[in-house]
file data_15.pdb (PDB, C-alpha atoms and all ligand atoms)
ATOM      1  CA  MET A 992      59.634  74.282   7.628
ATOM      2  CA  GLN A 993      62.859  76.250   7.800
ATOM      3  CA  ILE A 994      65.893  75.226   9.841
ATOM      4  CA  LEU A 995      67.349  78.029  11.946
ATOM      5  CA  ASP A 996      70.989  77.412  11.166
ATOM      6  CA  GLY A 997      73.095  78.447  14.155
ATOM      7  CA  THR A 998      76.375  77.676  12.424
ATOM      8  CA  LEU A 999      75.492  79.951   9.507
ATOM      9  CA  VAL A1000      74.273  82.864  11.649
ATOM     10  CA  ALA A1001      77.258  82.480  13.969
ATOM     11  CA  ALA A1002      79.620  82.609  10.974
ATOM     12  CA  HIS A1003      78.101  85.996   9.937
ATOM     13  CA  ILE A1004      78.370  87.412  13.444
ATOM     14  CA  LYS A1005      81.907  86.099  13.939
ATOM     15  CA  GLU A1006      82.968  87.714  10.662
ATOM     16  CA  GLN A1007      81.656  91.074  11.905
ATOM     17  CA  LEU A1008      83.344  90.627  15.286
ATOM     18  CA  LYS A1009      86.656  89.722  13.649
ATOM     19  CA  LYS A1010      86.534  92.921  11.577
ATOM     20  CA  GLU A1011      85.635  95.007  14.596
ATOM     21  CA  VAL A1012      88.565  93.605  16.580
ATOM     22  CA  GLU A1013      90.954  94.324  13.716
ATOM     23  CA  GLU A1014      89.703  97.923  13.579
ATOM     24  CA  LEU A1015      89.950  98.268  17.347
ATOM     25  CA  LYS A1016      93.530  97.001  17.311
ATOM     26  CA  ALA A1017      94.440  99.237  14.347
ATOM     27  CA  LYS A1018      93.258 102.243  16.360
ATOM     28  CA  GLY A1019      95.536 101.197  19.217
ATOM     29  CA  GLY A1020      92.684  99.704  21.231
ATOM     30  CA  LYS A1021      92.898  96.722  23.490
ATOM     31  CA  THR A1022      92.832  93.113  22.279
ATOM     32  CA  PRO A1023      89.782  91.567  23.978
ATOM     33  CA  HIS A1024      90.909  88.998  26.529
ATOM     34  CA  LEU A1025      88.644  86.276  27.931
ATOM     35  CA  ALA A1026      89.745  84.296  30.988
ATOM     36  CA  ALA A1027      87.944  80.990  31.536
ATOM     37  CA  ILE A1028      88.019  78.929  34.714
ATOM     38  CA  LEU A1029      87.370  75.208  34.444
ATOM     39  CA  VAL A1030      87.208  73.052  37.569
ATOM     40  CA  GLY A1031      87.454  69.289  37.124
ATOM     41  CA  ASN A1032      87.116  67.382  33.868
ATOM     42  CA  ASN A1033      83.407  67.066  33.125
ATOM     43  CA  PRO A1034      83.491  66.106  29.398
ATOM     44  CA  ALA A1035      80.636  68.473  28.429
ATOM     45  CA  SER A1036      82.261  71.403  30.253
ATOM     46  CA  GLU A1037      85.609  70.550  28.636
ATOM     47  CA  ALA A1038      83.952  70.654  25.207
ATOM     48  CA  TYR A1039      82.147  73.973  25.887
ATOM     49  CA  VAL A1040      85.246  75.698  27.238
ATOM     50  CA  GLY A1041      87.324  74.260  24.385
ATOM     51  CA  HIS A1042      84.925  75.834  21.852
ATOM     52  CA  LYS A1043      85.040  79.185  23.616
ATOM     53  CA  VAL A1044      88.857  79.268  23.686
ATOM     54  CA  LYS A1045      89.049  78.180  20.044
ATOM     55  CA  THR A1046      86.588  80.902  18.997
ATOM     56  CA  CYS A1047      88.671  83.526  20.798
ATOM     57  CA  ALA A1048      91.664  82.541  18.645
ATOM     58  CA  GLU A1049      89.515  82.604  15.478
ATOM     59  CA  LEU A1050      88.378  86.163  16.198
ATOM     60  CA  GLY A1051      91.756  87.560  17.232
ATOM     61  CA  PHE A1052      90.865  87.671  20.942
ATOM     62  CA  GLU A1053      93.300  86.656  23.620
ATOM     63  CA  SER A1054      92.221  83.887  25.995
ATOM     64  CA  THR A1055      93.513  82.286  29.162
ATOM     65  CA  LEU A1056      92.230  78.938  30.397
ATOM     66  CA  LEU A1057      92.777  78.300  34.091
ATOM     67  CA  ARG A1058      92.190  74.656  34.992
ATOM     68  CA  PHE A1059      91.847  73.360  38.512
ATOM     69  CA  ASP A1060      91.389  69.962  40.067
ATOM     70  CA  THR A1061      87.999  69.282  41.729
ATOM     71  CA  SER A1062      89.877  69.315  45.049
ATOM     72  CA  ILE A1063      90.369  73.113  44.846
ATOM     73  CA  THR A1064      88.798  74.830  47.864
ATOM     74  CA  GLU A1065      86.113  77.468  47.567
ATOM     75  CA  LYS A1066      88.485  79.988  49.148
ATOM     76  CA  ALA A1067      91.277  79.226  46.672
ATOM     77  CA  LEU A1068      88.883  79.548  43.706
ATOM     78  CA  LEU A1069      87.629  82.846  45.076
ATOM     79  CA  GLU A1070      91.234  84.065  45.220
ATOM     80  CA  GLN A1071      91.664  83.162  41.553
ATOM     81  CA  VAL A1072      88.548  85.131  40.607
ATOM     82  CA  LYS A1073      89.782  88.129  42.585
ATOM     83  CA  LYS A1074      93.152  87.980  40.826
ATOM     84  CA  LEU A1075      91.392  88.088  37.453
ATOM     85  CA  ASN A1076      89.200  90.995  38.650
ATOM     86  CA  GLU A1077      92.348  92.970  39.444
ATOM     87  CA  ASP A1078      94.178  92.095  36.237
ATOM     88  CA  ASP A1079      93.630  95.005  33.835
ATOM     89  CA  GLY A1080      94.716  92.776  30.957
ATOM     90  CA  VAL A1081      91.657  90.577  31.447
ATOM     91  CA  ASP A1082      88.341  91.888  30.065
ATOM     92  CA  GLY A1083      85.973  88.986  30.575
ATOM     93  CA  ILE A1084      85.784  86.268  33.227
ATOM     94  CA  LEU A1085      83.889  83.046  32.716
ATOM     95  CA  VAL A1086      83.547  80.349  35.369
ATOM     96  CA  GLN A1087      82.257  77.241  33.669
ATOM     97  CA  LEU A1088      79.322  75.669  35.509
ATOM     98  CA  PRO A1089      78.562  73.289  37.118
ATOM     99  CA  LEU A1090      81.126  73.579  39.924
ATOM    100  CA  PRO A1091      81.850  70.727  42.383
ATOM    101  CA  ASP A1092      79.323  70.418  45.237
ATOM    102  CA  HIS A1093      81.627  71.932  47.863
ATOM    103  CA  ILE A1094      81.851  75.230  45.937
ATOM    104  CA  SER A1095      78.932  77.652  45.921
ATOM    105  CA  PRO A1096      78.359  78.932  42.378
ATOM    106  CA  ASP A1097      76.494  81.938  43.818
ATOM    107  CA  LEU A1098      79.458  82.938  45.962
ATOM    108  CA  ILE A1099      81.892  82.630  43.055
ATOM    109  CA  ILE A1100      79.652  84.481  40.581
ATOM    110  CA  ASN A1101      78.829  87.231  43.096
ATOM    111  CA  ASN A1102      82.566  87.916  43.355
ATOM    112  CA  ILE A1103      83.169  88.440  39.637
ATOM    113  CA  ASN A1104      83.603  92.122  38.794
ATOM    114  CA  PRO A1105      80.284  92.924  37.011
ATOM    115  CA  ASP A1106      82.284  94.861  34.385
ATOM    116  CA  LYS A1107      83.943  91.549  33.484
ATOM    117  CA  ASP A1108      80.820  89.370  33.869
ATOM    118  CA  VAL A1109      80.610  88.353  30.206
ATOM    119  CA  ASP A1110      78.382  85.379  31.108
ATOM    120  CA  GLY A1111      75.803  87.846  32.479
ATOM    121  CA  PHE A1112      75.278  85.725  35.605
ATOM    122  CA  HIS A1113      76.120  88.322  38.286
ATOM    123  CA  PRO A1114      73.110  89.705  40.224
ATOM    124  CA  ILE A1115      73.978  93.211  38.989
ATOM    125  CA  SER A1116      73.916  92.036  35.361
ATOM    126  CA  GLN A1117      70.675  90.123  35.909
ATOM    127  CA  GLY A1118      69.098  93.084  37.744
ATOM    128  CA  LYS A1119      70.049  95.509  34.988
ATOM    129  CA  MET A1120      68.671  93.102  32.388
ATOM    130  CA  MET A1121      65.388  92.966  34.282
ATOM    131  CA  LEU A1122      65.223  96.767  34.332
ATOM    132  CA  GLY A1123      66.091  97.037  30.635
ATOM    133  CA  GLN A1124      69.388  98.801  31.351
ATOM    134  CA  PRO A1125      72.446  98.160  29.161
ATOM    135  CA  THR A1126      74.399  95.185  30.533
ATOM    136  CA  PHE A1127      75.913  91.833  29.626
ATOM    137  CA  LEU A1128      73.076  89.486  28.721
ATOM    138  CA  PRO A1129      73.458  85.777  29.556
ATOM    139  CA  ALA A1130      75.089  84.185  26.531
ATOM    140  CA  THR A1131      72.436  81.636  25.519
ATOM    141  CA  PRO A1132      69.370  83.929  25.757
ATOM    142  CA  TYR A1133      71.417  86.642  24.023
ATOM    143  CA  GLY A1134      72.336  84.179  21.267
ATOM    144  CA  ILE A1135      68.668  83.199  20.812
ATOM    145  CA  MET A1136      67.666  86.867  20.495
ATOM    146  CA  LEU A1137      70.426  87.353  17.884
ATOM    147  CA  MET A1138      69.107  84.329  16.003
ATOM    148  CA  LEU A1139      65.516  85.705  15.971
ATOM    149  CA  GLU A1140      66.868  89.067  14.810
ATOM    150  CA  HIS A1141      68.913  87.502  12.023
ATOM    151  CA  TYR A1142      65.899  85.644  10.591
ATOM    152  CA  ASN A1143      63.612  88.685  11.095
ATOM    153  CA  ILE A1144      61.291  86.606  13.258
ATOM    154  CA  ASP A1145      58.827  89.012  14.817
ATOM    155  CA  VAL A1146      57.610  87.734  18.186
ATOM    156  CA  ALA A1147      55.628  90.882  19.116
ATOM    157  CA  GLY A1148      52.204  89.878  20.408
ATOM    158  CA  LYS A1149      53.031  86.186  19.983
ATOM    159  CA  HIS A1150      52.606  83.636  22.742
ATOM    160  CA  CYS A1151      56.046  82.330  23.727
ATOM    161  CA  VAL A1152      56.092  79.316  26.021
ATOM    162  CA  ILE A1153      59.375  78.693  27.783
ATOM    163  CA  ILE A1154      59.906  75.272  29.343
ATOM    164  CA  GLY A1155      62.492  75.323  32.140
ATOM    165  CA  ARG A1156      63.154  78.042  34.711
ATOM    166  CA  SER A1157      66.960  77.997  35.050
ATOM    167  CA  ASN A1158      68.827  81.189  35.908
ATOM    168  CA  ILE A1159      70.983  80.633  32.820
ATOM    169  CA  VAL A1160      68.279  80.221  30.159
ATOM    170  CA  GLY A1161      64.570  79.922  31.050
ATOM    171  CA  THR A1162      64.164  82.820  33.459
ATOM    172  CA  PRO A1163      66.211  85.381  31.469
ATOM    173  CA  MET A1164      64.391  84.313  28.268
ATOM    174  CA  THR A1165      61.069  85.355  29.847
ATOM    175  CA  ILE A1166      62.469  88.834  30.457
ATOM    176  CA  LEU A1167      64.089  89.312  27.056
ATOM    177  CA  LEU A1168      61.090  88.083  25.068
ATOM    178  CA  SER A1169      58.566  90.155  27.013
ATOM    179  CA  ARG A1170      60.369  93.504  27.207
ATOM    180  CA  ASN A1171      59.597  96.420  24.914
ATOM    181  CA  THR A1172      62.354  95.838  22.350
ATOM    182  CA  ASN A1173      62.714  94.258  18.949
ATOM    183  CA  PRO A1174      62.772  91.260  19.123
ATOM    184  CA  GLY A1175      60.490  91.311  22.160
ATOM    185  CA  ASN A1176      56.968  92.394  23.112
ATOM    186  CA  ALA A1177      55.855  88.771  23.310
ATOM    187  CA  THR A1178      53.327  87.357  25.744
ATOM    188  CA  VAL A1179      55.317  84.871  27.772
ATOM    189  CA  THR A1180      54.395  81.787  29.782
ATOM    190  CA  LEU A1181      57.089  80.093  31.882
ATOM    191  CA  CYS A1182      56.509  76.373  32.468
ATOM    192  CA  HIS A1183      58.463  74.151  34.843
ATOM    193  CA  SER A1184      58.392  70.827  36.680
ATOM    194  CA  ARG A1185      55.292  71.815  38.718
ATOM    195  CA  THR A1186      53.299  73.113  35.742
ATOM    196  CA  LYS A1187      49.971  71.346  35.285
ATOM    197  CA  ASN A1188      48.637  70.472  31.838
ATOM    198  CA  LEU A1189      51.894  71.328  30.085
ATOM    199  CA  GLU A1190      50.684  69.938  26.774
ATOM    200  CA  GLU A1191      47.578  72.175  26.831
ATOM    201  CA  ILE A1192      49.794  75.222  27.293
ATOM    202  CA  THR A1193      52.448  74.347  24.715
ATOM    203  CA  LYS A1194      49.686  73.591  22.189
ATOM    204  CA  THR A1195      48.744  77.294  22.330
ATOM    205  CA  ALA A1196      52.329  78.473  21.754
ATOM    206  CA  ASP A1197      53.450  80.415  18.705
ATOM    207  CA  VAL A1198      57.008  79.972  19.961
ATOM    208  CA  ILE A1199      58.370  77.222  22.229
ATOM    209  CA  VAL A1200      61.751  77.541  23.918
ATOM    210  CA  ALA A1201      62.763  74.157  25.338
ATOM    211  CA  ALA A1202      65.414  74.422  28.059
ATOM    212  CA  ILE A1203      64.772  71.492  30.383
ATOM    213  CA  GLY A1204      67.796  69.261  29.860
ATOM    214  CA  LYS A1205      65.739  66.140  29.081
ATOM    215  CA  PRO A1206      66.305  64.358  25.770
ATOM    216  CA  LYS A1207      63.355  64.562  23.328
ATOM    217  CA  PHE A1208      61.042  65.928  26.048
ATOM    218  CA  VAL A1209      58.976  68.035  23.617
ATOM    219  CA  THR A1210      56.977  65.651  21.454
ATOM    220  CA  ALA A1211      54.777  66.236  18.400
ATOM    221  CA  ASN A1212      51.505  66.131  20.401
ATOM    222  CA  MET A1213      52.726  69.230  22.332
ATOM    223  CA  VAL A1214      53.289  71.420  19.267
ATOM    224  CA  ARG A1215      50.729  73.156  17.089
ATOM    225  CA  GLU A1216      51.075  73.438  13.313
ATOM    226  CA  GLY A1217      53.237  76.432  12.318
ATOM    227  CA  ALA A1218      54.969  76.894  15.675
ATOM    228  CA  ILE A1219      58.537  78.165  16.017
ATOM    229  CA  VAL A1220      60.634  75.819  18.166
ATOM    230  CA  ILE A1221      63.924  76.804  19.783
ATOM    231  CA  ASP A1222      65.755  73.814  21.278
ATOM    232  CA  VAL A1223      68.321  74.718  23.936
ATOM    233  CA  GLY A1224      68.979  71.135  25.089
ATOM    234  CA  ILE A1225      72.292  69.377  24.563
ATOM    235  CA  ASN A1226      71.894  65.789  25.769
ATOM    236  CA  ARG A1227      74.181  62.865  25.020
ATOM    237  CA  ILE A1228      72.314  59.593  24.433
ATOM    238  CA  ASP A1229      73.537  56.072  23.630
ATOM    239  CA  ASP A1230      73.647  55.240  19.930
ATOM    240  CA  PRO A1231      75.273  51.922  19.060
ATOM    241  CA  THR A1232      75.141  52.805  15.329
ATOM    242  CA  ARG A1233      77.741  55.537  15.928
ATOM    243  CA  LYS A1234      81.454  54.824  16.212
ATOM    244  CA  SER A1235      81.553  56.813  19.451
ATOM    245  CA  GLY A1236      78.561  54.828  20.800
ATOM    246  CA  SER A1237      76.612  58.034  21.491
ATOM    247  CA  ARG A1238      75.174  61.172  19.884
ATOM    248  CA  LEU A1239      73.797  64.564  20.856
ATOM    249  CA  VAL A1240      70.066  65.246  20.912
ATOM    250  CA  GLY A1241      68.095  68.261  22.059
ATOM    251  CA  ASP A1242      65.126  68.626  24.379
ATOM    252  CA  VAL A1243      62.862  68.311  21.328
ATOM    253  CA  ASP A1244      61.962  65.128  19.454
ATOM    254  CA  PHE A1245      63.247  66.752  16.273
ATOM    255  CA  ASP A1246      62.244  64.085  13.714
ATOM    256  CA  ASN A1247      58.573  64.177  14.714
ATOM    257  CA  VAL A1248      58.282  67.852  15.695
ATOM    258  CA  ALA A1249      60.138  69.478  12.782
ATOM    259  CA  PRO A1250      57.479  68.679  10.114
ATOM    260  CA  LEU A1251      54.927  70.686  12.164
ATOM    261  CA  CYS A1252      57.080  73.801  12.564
ATOM    262  CA  SER A1253      57.481  76.994  10.585
ATOM    263  CA  TYR A1254      61.013  77.299  12.024
ATOM    264  CA  ILE A1255      63.068  74.995  14.227
ATOM    265  CA  THR A1256      66.634  74.941  15.570
ATOM    266  CA  PRO A1257      68.543  71.664  15.180
ATOM    267  CA  VAL A1258      70.840  70.081  17.785
ATOM    268  CA  PRO A1259      73.754  70.325  17.291
ATOM    269  CA  LYS A1260      74.334  73.467  15.133
ATOM    270  CA  GLY A1261      71.351  75.439  16.432
ATOM    271  CA  VAL A1262      71.507  77.401  19.665
ATOM    272  CA  GLY A1263      75.002  76.133  20.659
ATOM    273  CA  PRO A1264      77.020  78.257  18.189
ATOM    274  CA  MET A1265      74.796  81.270  19.026
ATOM    275  CA  THR A1266      75.693  80.977  22.733
ATOM    276  CA  ILE A1267      79.353  81.389  21.822
ATOM    277  CA  CYS A1268      78.481  84.465  19.724
ATOM    278  CA  GLY A1269      76.699  86.004  22.710
ATOM    279  CA  LEU A1270      79.758  85.420  24.863
ATOM    280  CA  MET A1271      82.143  86.843  22.263
ATOM    281  CA  LYS A1272      79.999  89.957  21.731
ATOM    282  CA  ASN A1273      79.967  90.520  25.489
ATOM    283  CA  THR A1274      83.747  90.078  25.681
ATOM    284  CA  LEU A1275      84.323  92.640  22.937
ATOM    285  CA  GLU A1276      82.055  95.125  24.754
ATOM    286  CA  ALA A1277      83.908  94.419  28.019
ATOM    287  CA  ALA A1278      87.214  95.219  26.301
ATOM    288  CA  LYS A1279      85.882  98.685  25.438
ATOM    289  CA  LEU A1280      85.082  99.520  29.083
ATOM    290  CA  PRO A1281      87.521 101.541  31.174
ATOM    291  CA  LYS A1282      89.067  99.355  33.846
ATOM    292  CA  HIS A1283      88.804  99.734  37.624
ATOM    293  CA  MET A1284      85.210 100.929  37.682
ATOM    294  CA  TYR A1285      84.322  98.382  40.312
ATOM    295  CA  ASN A1286      87.426  97.355  42.292
TER
HETATM  296  N1  LIG B1301      77.203  75.800  31.909
HETATM  297  C1  LIG B1301      76.212  75.594  31.026
HETATM  298  N2  LIG B1301      76.031  76.690  30.253
HETATM  299  C2  LIG B1301      76.931  77.605  30.678
HETATM  300  C3  LIG B1301      77.240  78.933  30.269
HETATM  301  O1  LIG B1301      76.639  79.533  29.364
HETATM  302  N3  LIG B1301      78.249  79.530  30.944
HETATM  303  C4  LIG B1301      78.926  78.918  31.945
HETATM  304  N4  LIG B1301      79.885  79.591  32.567
HETATM  305  N5  LIG B1301      78.661  77.700  32.344
HETATM  306  C5  LIG B1301      77.679  77.041  31.710
END
call {"tool": "encode", "arguments": {"input": "data_15.pdb", "output": "structure tokens", "more": "lines below"}}
Ligand code: GUN
result
Amino acid sequence: MQILDGTLVAAHIKEQLKKEVEELKAKGGKTPHLAAILVGNNPASEAYVGHKVKTCAELGFESTLLRFDTSITEKALLEQVKKLNEDDGVDGILVQLPLPDHISPDLIINNINPDKDVDGFHPISQGKMMLGQPTFLPATPYGIMLMLEHYNIDVAGKHCVIIGRSNIVGTPMTILLSRNTNPGNATVTLCHSRTKNLEEITKTADVIVAAIGKPKFVTANMVREGAIVIDVGINRIDDPTRKSGSRLVGDVDFDNVAPLCSYITPVPKGVGPMTICGLMKNTLEAAKLPKHMYN
């Protein structure tokens, strides 16, 4: 069993990105600038956005964090997005999800300039991805593809079972793994809350991508010997043995599943750092685009 070490792979990619930014700046190019919007103070969202801003600084990117109280209206948030769309200094816009119930994430995302949609959530980005056209890929699926590439894991012809059909992870993963690229060319099954006989299906998987958001959902009886398991879950559970009283676990029961696997991602330090790499790669590409293509 080999651990797919997200921290290690991310360190390699970040080193490359840092060099590329230095070269870009030396040639008089633009410093990539990511603007992040955070509404409210959800601790997980705070942590994710904090990591993204910190990574920008590490790589020589500029970043702006705009924080708003949960009382912000949908209209006011929309105005903020439009301001960032029009600001030529800003290359990438990220609106951290989830948003409060009174704000439609679809409306906000649909109003991000697709040339600045470094999260790859805009319908134009998602449509282009589906058609295999160059675009910003959603950060987590992109990060997983970069991880497979780094470890030379060939999924062509393999049966990949994805558990969870979110717009952010599960659904885009089905597209990326099945398209005619490398990595890609897999046979994909998408499972969700209405799937019958889940265990029978996952037992036939060469690769399992778990993106359900339920702690330790994937158990040893669901995994065949030699499978590759990618755990996208980040769940906080109580742990009285820890000083903090809690710890992070994935969607996979790691202790019991790992011995069966050929490769497995841990939580933390698996997919999480790769998501940030995906976002940073998108932001660098956005910085290279001419501005005002959309407005
Ligand atoms: N919430 C959970 N994952 C993500 C992500 O990748 N991007 C944004 N913007 N919000 C998220």
call {"tool": "resolve_selection", "arguments": {"input": "data_15.pdb", "expression": "the PyMOL selection byres (((chain A and resi 1060) around 8) and not hetatm)", "output": "list in words"}}
result
Val1030, Gly1031, Asn1032, Arg1058, Phe1059, Thr1061, Ser1062 and Ile1063 of chain A
call {"tool": "atom_distance", "arguments": {"input": "data_15.pdb", "atom1": "atom C2 of ligand LIG 1301 (chain B)", "atom2": "CA of Asp1097 (chain A)"}}
result
13.8 Å
call {"tool": "residues_around", "arguments": {"input": "data_15.pdb", "residues": "region 1153-1165 of chain A", "least_positions_apart": "5", "cutoff": "10 Å", "atoms": "all atoms listed in the file", "output": "PyMOL selection string"}}
result
chain A and resi 1110-1112+1117+1120-1121+1128-1133+1135-1136+1170+1175+1177-1184+1186+1189+1193+1196+1198-1204+1208-1209+1221+1223+1242
call {"tool": "resolve_selection", "arguments": {"input": "data_15.pdb", "expression": "the PyMOL selection byres (((chain A and resi 1083) around 6) and not hetatm)", "output": "PyMOL selection string"}}
result
chain A and resi 1025+1081-1082+1084+1107+1109+1274
call {"tool": "resolve_selection", "arguments": {"input": "data_15.pdb", "expression": "the PyMOL selection byres (((not hetatm)) within 6 of (chain B and resi 1301))", "output": "PyMOL selection string"}}
result
chain A and resi 1085-1089+1110+1130
call {"tool": "closest_residue", "arguments": {"input": "data_15.pdb", "among": "A:Gly1241, A:Gly1148, A:Pro1281, A:Gly1263", "to": "Asp996 (chain A)", "atoms": "only C-alpha atoms"}}
result
A:Gly1263
call {"tool": "closest_residue", "arguments": {"input": "data_15.pdb", "among": "A:Gly1134, A:Pro1250, A:Pro1105, A:Gly1051", "to": "Thr1266 (chain A)", "atoms": "all atoms listed in the file"}}
result
A:Gly1134
call {"tool": "residues_around", "arguments": {"input": "data_15.pdb", "residues": "Ala1001 (chain A)", "least_positions_apart": "2", "cutoff": "10 Å", "atoms": "all atoms listed in the file", "output": "list of chain:residue names"}}
result
A:Asp996, A:Gly997, A:Thr998, A:Leu999, A:His1003, A:Ile1004, A:Lys1005, A:Glu1006, A:Gln1007, A:Gly1134, A:Leu1137, A:Met1138, A:His1141, A:Lys1260, A:Gly1261, A:Val1262, A:Gly1263, A:Pro1264, A:Met1265, A:Thr1266, A:Ile1267, A:Cys1268, A:Gly1269
call {"tool": "write_last_selection", "arguments": {"input": "data_15.pdb", "atoms": "C-alpha atoms", "output": "JSON list (two decimals), in the frame of the given file"}}
result
[["chain", "number", "residue", "atom", "x", "y", "z"],
["A", 996, "ASP", "CA", 70.99, 77.41, 11.17],
["A", 997, "GLY", "CA", 73.10, 78.45, 14.16],
["A", 998, "THR", "CA", 76.38, 77.68, 12.42],
["A", 999, "LEU", "CA", 75.49, 79.95, 9.51],
["A", 1003, "HIS", "CA", 78.10, 86.00, 9.94],
["A", 1004, "ILE", "CA", 78.37, 87.41, 13.44],
["A", 1005, "LYS", "CA", 81.91, 86.10, 13.94],
["A", 1006, "GLU", "CA", 82.97, 87.71, 10.66],
["A", 1007, "GLN", "CA", 81.66, 91.07, 11.90],
["A", 1134, "GLY", "CA", 72.34, 84.18, 21.27],
["A", 1137, "LEU", "CA", 70.43, 87.35, 17.88],
["A", 1138, "MET", "CA", 69.11, 84.33, 16.00],
["A", 1141, "HIS", "CA", 68.91, 87.50, 12.02],
["A", 1260, "LYS", "CA", 74.33, 73.47, 15.13],
["A", 1261, "GLY", "CA", 71.35, 75.44, 16.43],
["A", 1262, "VAL", "CA", 71.51, 77.40, 19.66],
["A", 1263, "GLY", "CA", 75.00, 76.13, 20.66],
["A", 1264, "PRO", "CA", 77.02, 78.26, 18.19],
["A", 1265, "MET", "CA", 74.80, 81.27, 19.03],
["A", 1266, "THR", "CA", 75.69, 80.98, 22.73],
["A", 1267, "ILE", "CA", 79.35, 81.39, 21.82],
["A", 1268, "CYS", "CA", 78.48, 84.46, 19.72],
["A", 1269, "GLY", "CA", 76.70, 86.00, 22.71]]
call {"tool": "residues_near_point", "arguments": {"input": "data_15.pdb", "point": "(76.7, 69.5, 33.9)", "cutoff": "9 Å", "atoms": "only C-alpha atoms", "output": "PyMOL selection string"}}
result
chain A and resi 1033-1036+1088-1090
call {"tool": "atom_distance", "arguments": {"input": "data_15.pdb", "atom1": "CA of Tyr1254 (chain A)", "atom2": "CA of Arg1233 (chain A)"}}
result
27.7 Å
call {"tool": "decode", "arguments": {"input": "data_15.pdb", "residues": "region 1237-1248 of chain A", "atoms": "N, CA, C and O atoms", "output": "PDB file, in the first residue's frame"}}
result
ATOM      1  N   SER A1237     -11.290  17.426  19.140  1.00  0.00           N
ATOM      2  CA  SER A1237     -11.800  16.918  17.860  1.00  0.00           C
ATOM      3  C   SER A1237     -10.641  16.637  16.904  1.00  0.00           C
ATOM      4  O   SER A1237      -9.503  17.033  17.171  1.00  0.00           O
ATOM      5  N   ARG A1238     -10.955  15.930  15.808  1.00  0.00           N
ATOM      6  CA  ARG A1238      -9.946  15.707  14.762  1.00  0.00           C
ATOM      7  C   ARG A1238     -10.631  15.553  13.422  1.00  0.00           C
ATOM      8  O   ARG A1238     -11.860  15.355  13.360  1.00  0.00           O
ATOM      9  N   LEU A1239      -9.816  15.653  12.353  1.00  0.00           N
ATOM     10  CA  LEU A1239     -10.374  15.534  11.002  1.00  0.00           C
ATOM     11  C   LEU A1239     -10.315  14.087  10.536  1.00  0.00           C
ATOM     12  O   LEU A1239      -9.303  13.408  10.742  1.00  0.00           O
ATOM     13  N   VAL A1240     -11.401  13.619   9.934  1.00  0.00           N
ATOM     14  CA  VAL A1240     -11.376  12.314   9.268  1.00  0.00           C
ATOM     15  C   VAL A1240     -12.001  12.472   7.886  1.00  0.00           C
ATOM     16  O   VAL A1240     -12.754  13.412   7.641  1.00  0.00           O
ATOM     17  N   GLY A1241     -11.689  11.531   7.013  1.00  0.00           N
ATOM     18  CA  GLY A1241     -12.242  11.584   5.662  1.00  0.00           C
ATOM     19  C   GLY A1241     -13.567  10.856   5.566  1.00  0.00           C
ATOM     20  O   GLY A1241     -14.197  10.521   6.577  1.00  0.00           O
ATOM     21  N   ASP A1242     -13.964  10.582   4.326  1.00  0.00           N
ATOM     22  CA  ASP A1242     -15.172   9.801   4.060  1.00  0.00           C
ATOM     23  C   ASP A1242     -14.858   8.303   4.056  1.00  0.00           C
ATOM     24  O   ASP A1242     -15.739   7.481   3.807  1.00  0.00           O
ATOM     25  N   VAL A1243     -13.585   7.976   4.273  1.00  0.00           N
ATOM     26  CA  VAL A1243     -13.140   6.579   4.221  1.00  0.00           C
ATOM     27  C   VAL A1243     -12.652   6.167   5.619  1.00  0.00           C
ATOM     28  O   VAL A1243     -11.962   6.938   6.286  1.00  0.00           O
ATOM     29  N   ASP A1244     -13.003   4.969   6.007  1.00  0.00           N
ATOM     30  CA  ASP A1244     -12.518   4.405   7.276  1.00  0.00           C
ATOM     31  C   ASP A1244     -11.065   3.967   7.041  1.00  0.00           C
ATOM     32  O   ASP A1244     -10.780   2.799   6.782  1.00  0.00           O
ATOM     33  N   PHE A1245     -10.169   4.950   7.120  1.00  0.00           N
ATOM     34  CA  PHE A1245      -8.791   4.776   6.663  1.00  0.00           C
ATOM     35  C   PHE A1245      -8.101   3.562   7.302  1.00  0.00           C
ATOM     36  O   PHE A1245      -7.488   2.754   6.593  1.00  0.00           O
ATOM     37  N   ASP A1246      -8.199   3.424   8.620  1.00  0.00           N
ATOM     38  CA  ASP A1246      -7.438   2.372   9.320  1.00  0.00           C
ATOM     39  C   ASP A1246      -7.759   0.978   8.783  1.00  0.00           C
ATOM     40  O   ASP A1246      -6.875   0.135   8.660  1.00  0.00           O
ATOM     41  N   ASN A1247      -9.033   0.756   8.457  1.00  0.00           N
ATOM     42  CA  ASN A1247      -9.442  -0.582   7.998  1.00  0.00           C
ATOM     43  C   ASN A1247      -9.372  -0.745   6.480  1.00  0.00           C
ATOM     44  O   ASN A1247      -9.242  -1.864   5.985  1.00  0.00           O
ATOM     45  N   VAL A1248      -9.480   0.368   5.755  1.00  0.00           N
ATOM     46  CA  VAL A1248      -9.476   0.296   4.285  1.00  0.00           C
ATOM     47  C   VAL A1248      -8.048   0.303   3.733  1.00  0.00           C
ATOM     48  O   VAL A1248      -7.725  -0.443   2.794  1.00  0.00           O
TER      49      VAL A1248
END
